[in-house]
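Below you'll find the structure, written out as structure tokens, and then a few comments.
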Amino acid sequence: MDIFNPALVVEHLSAGYPGHRRAIDDISFSVWRGERVAVIGPNGAGKSTLFKALAGIIPHQTGAISLHGEDCRTSHMLIGYVPQSDGVDLTFPVTVYDVVMMGRAREIGWFRWPRRADHLIVAEALERVGVWDLRNRQIGQLSGGQRQRVFIARALAQQTDVLLLDEPFSGVDVNAEHEIMNTLNSLQQGGITMLIATHDLHMASTQFDKLLAINQRMVGYGDSGEVFTPNVLQATYGGRVGIVGNGDEQMVVIADAQAG
Ligand code: ADP
């Protein structure tokens with residue numbers, strides 16, 4: 001284990017889509033192993049684009065990404081991406097086990113069968129998020145919280161220790177939110193580093209080690225106390241922003257702004 005380098009270092013990262021202006025521009029931050037970072041910003045701020053660029057799903061236009069001290073372009077290591085679950089076809093007849101095995105696709109390659117090692121890795125990922133007992137269920141038969149945990153297991157099956165979760169709490173009820181948060185807590189205790197895009201500012205300020213506020217450019221990054229201020233929130237969301245109360249009872253009030 002590399003304790004001298006941060007798990008993830010992002011320097012001057014810009015990315016976007018052909019024919020459009022840059023969706024993210026000049027983003028720099030670093031995350032230590034086991035830290036949990038909330039990525040906040042209004043709709044269209046570039047949170048998903050940042051994650052896709054970090055996971056290598058879209059190329060970055062400028063900048064560098066390194067993982068445990070190694071440049072991502074030369075390293076064999078991966079960053080695991082858990083996309084928003086509303087983009088997933090839940091009527092597709094596939095079992096939980098098969099969904100998690102899809103995380104092994106890159107290693108297995110096309111037209112090959114999974115080996116014993118792949119089955120062991122999938123079993124470990126299923127156990128780690130507590131869905132081993134659900135392995136033979138169809139993905140469409142799961143609750144929102146169970147489904148989200150299966151997608152986390154699929155990312156873990158890539159054998160990564162850095163995860164990007166794109167709004168894992170959106171569209172789930174309070175029970176599922178607790179279920180997912182418990183899973184994230186146990187992964188964090190196991191040394192997994194996580195960046196989580198969320199619209200829940202209260203959760204972002206109370207349940208995370210650090211906040212990354214973006215709106216195309218980086219507006220703020222650091223410990224929650226430093227970033228969760230009216231100035232940074234105003235610069236991130238626009239409009240009029242206020243924080244009411246103190247400690248755990250803080251509430252953000254946003255008027256005339258697109259809060260996402
Ligand atoms: P967020 O996740 O914060 O809501 P996104 O990363 O989805 O933001 O979007 C950032 C910007 O990139 C927005 O202006 C959005 O319209 C644009 N964008 C996102 N996906 C695409 C795409 N596939 N093609 C062109 N523009 C896109």
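Quick note on naming: the chains in the structure tokens go A, B, ... in the order shown, residues restart at 1 in each chain, and ligands are numbered from 1 in order of appearance.
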For this session: Please provide as a ChimeraX atom specification all residues within 10 Å of Asn185 in chain A, with the sequence filter that same-chain residues fewer than 5 positions apart are discarded (counting only C-alpha atoms).
Result: /A:36,179-180,190,192,207
Problem set entry | Within 10 Å of ligand 1, counting only C-alpha atoms and all ligand atoms, residues as a count of residues only | 36
Exercise. Excluding same-chain residues fewer than 6 positions from Asp209 in chain A, what lies within 9 Å of it counting only C-alpha atoms, as number ranges by chain?
Worked result: A: 35-38, 222-224
Problem set entry | Of the listed residues A:Tyr81, A:Trp113, A:Tyr97, A:Phe92, that which approaches Ala155 in chain A most closely, counting only C-alpha atoms |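 For Ala155 in chain A, the nearest of the given residues is A:Tyr81.
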Problem set entry | All alpha helix (DSSP H) positions in range 53-213 of chain A, as a PyMOL selection string | chain A and resi 53-54+96-101+105-108+116-128+144-156+174-189+201-206
Exercise. Near Ile79 in chain A, counting only C-alpha atoms, which residues have an atom at most 6 Å away, once you skip same-chain residues fewer than 4 positions from it, shown as a ChimeraX atom specification?
Worked result: /A:55,160,162-163
Writer output for current selection, C-alpha atoms, as an mmCIF file, in the first residue's frame:
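Ended up saving to selection.cif:
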data_model
loop_
_atom_site.group_PDB
_atom_site.id
_atom_site.type_symbol
_atom_site.label_atom_id
_atom_site.label_comp_id
_atom_site.auth_asym_id
_atom_site.auth_seq_id
_atom_site.Cartn_x
_atom_site.Cartn_y
_atom_site.Cartn_z
ATOM 1 C CA ALA A 55 -13.044 6.820 -15.155
ATOM 2 C CA THR A 160 -10.312 -0.829 -7.773
ATOM 3 C CA VAL A 162 -11.279 4.358 -5.773
ATOM 4 C CA LEU A 163 -14.999 4.655 -6.503
#
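Of the listed residues (A:Val219, A:Ala176, A:Leu90, A:Leu78), A:Leu78 comes nearest to Leu164 in chain A; the distances count only C-alpha atoms.
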Exercise. Got a sec to tell me which of range 6-42 of chain A DSSP assigns to strand (DSSP E), as a PyMOL selection string?
Worked result: chain A and resi 8-15+24-31+36-40
Problem set entry | One-decimal distance in Å that lies between CA of Leu8 in chain A and CA of Ile65 in chain A | 7.3 Å
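Atom pair CA of His60 in chain A / CA of Asn5 in chain A has a distance of 22.2 Å (rounded to one decimal).
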For this session: Skip Ser28 in chain A itself and residues of its chain fewer than 5 positions away, then list as a PyMOL selection string all residues within 10 Å of it, counting only C-alpha atoms.
Result: chain A and resi 9-14+63-65+212+217-218+221
Print the selection's residues with C-alpha atoms to a file, as a short mmCIF file (atom, residue, chain, number, x, y, z; two decimals), in the first residue's frame.
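Saved the output as selection19.cif:
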data_model
loop_
_atom_site.label_atom_id
_atom_site.label_comp_id
_atom_site.auth_asym_id
_atom_site.auth_seq_id
_atom_site.Cartn_x
_atom_site.Cartn_y
_atom_site.Cartn_z
CA VAL A 9 -4.48 13.44 -7.77
CA VAL A 10 -6.27 15.51 -10.40
CA GLU A 11 -4.36 18.40 -12.00
CA HIS A 12 -5.83 21.06 -14.31
CA LEU A 13 -8.39 18.65 -15.72
CA SER A 14 -10.63 19.84 -18.57
CA GLY A 63 -4.55 17.93 -17.36
CA ALA A 64 -3.45 14.75 -15.64
CA ILE A 65 -4.94 12.11 -13.36
CA LEU A 212 -15.64 19.59 -3.91
CA ARG A 217 -14.70 25.38 -12.89
CA MET A 218 -13.71 24.42 -9.38
CA TYR A 221 -12.29 22.14 -2.27
#
Exercise. Which residue, A:Pro114, A:Gly130, A:Gly80, A:Pro93, has the smallest gap to Ser186 in chain A when you use only C-alpha atoms?
Worked result: A:Gly130
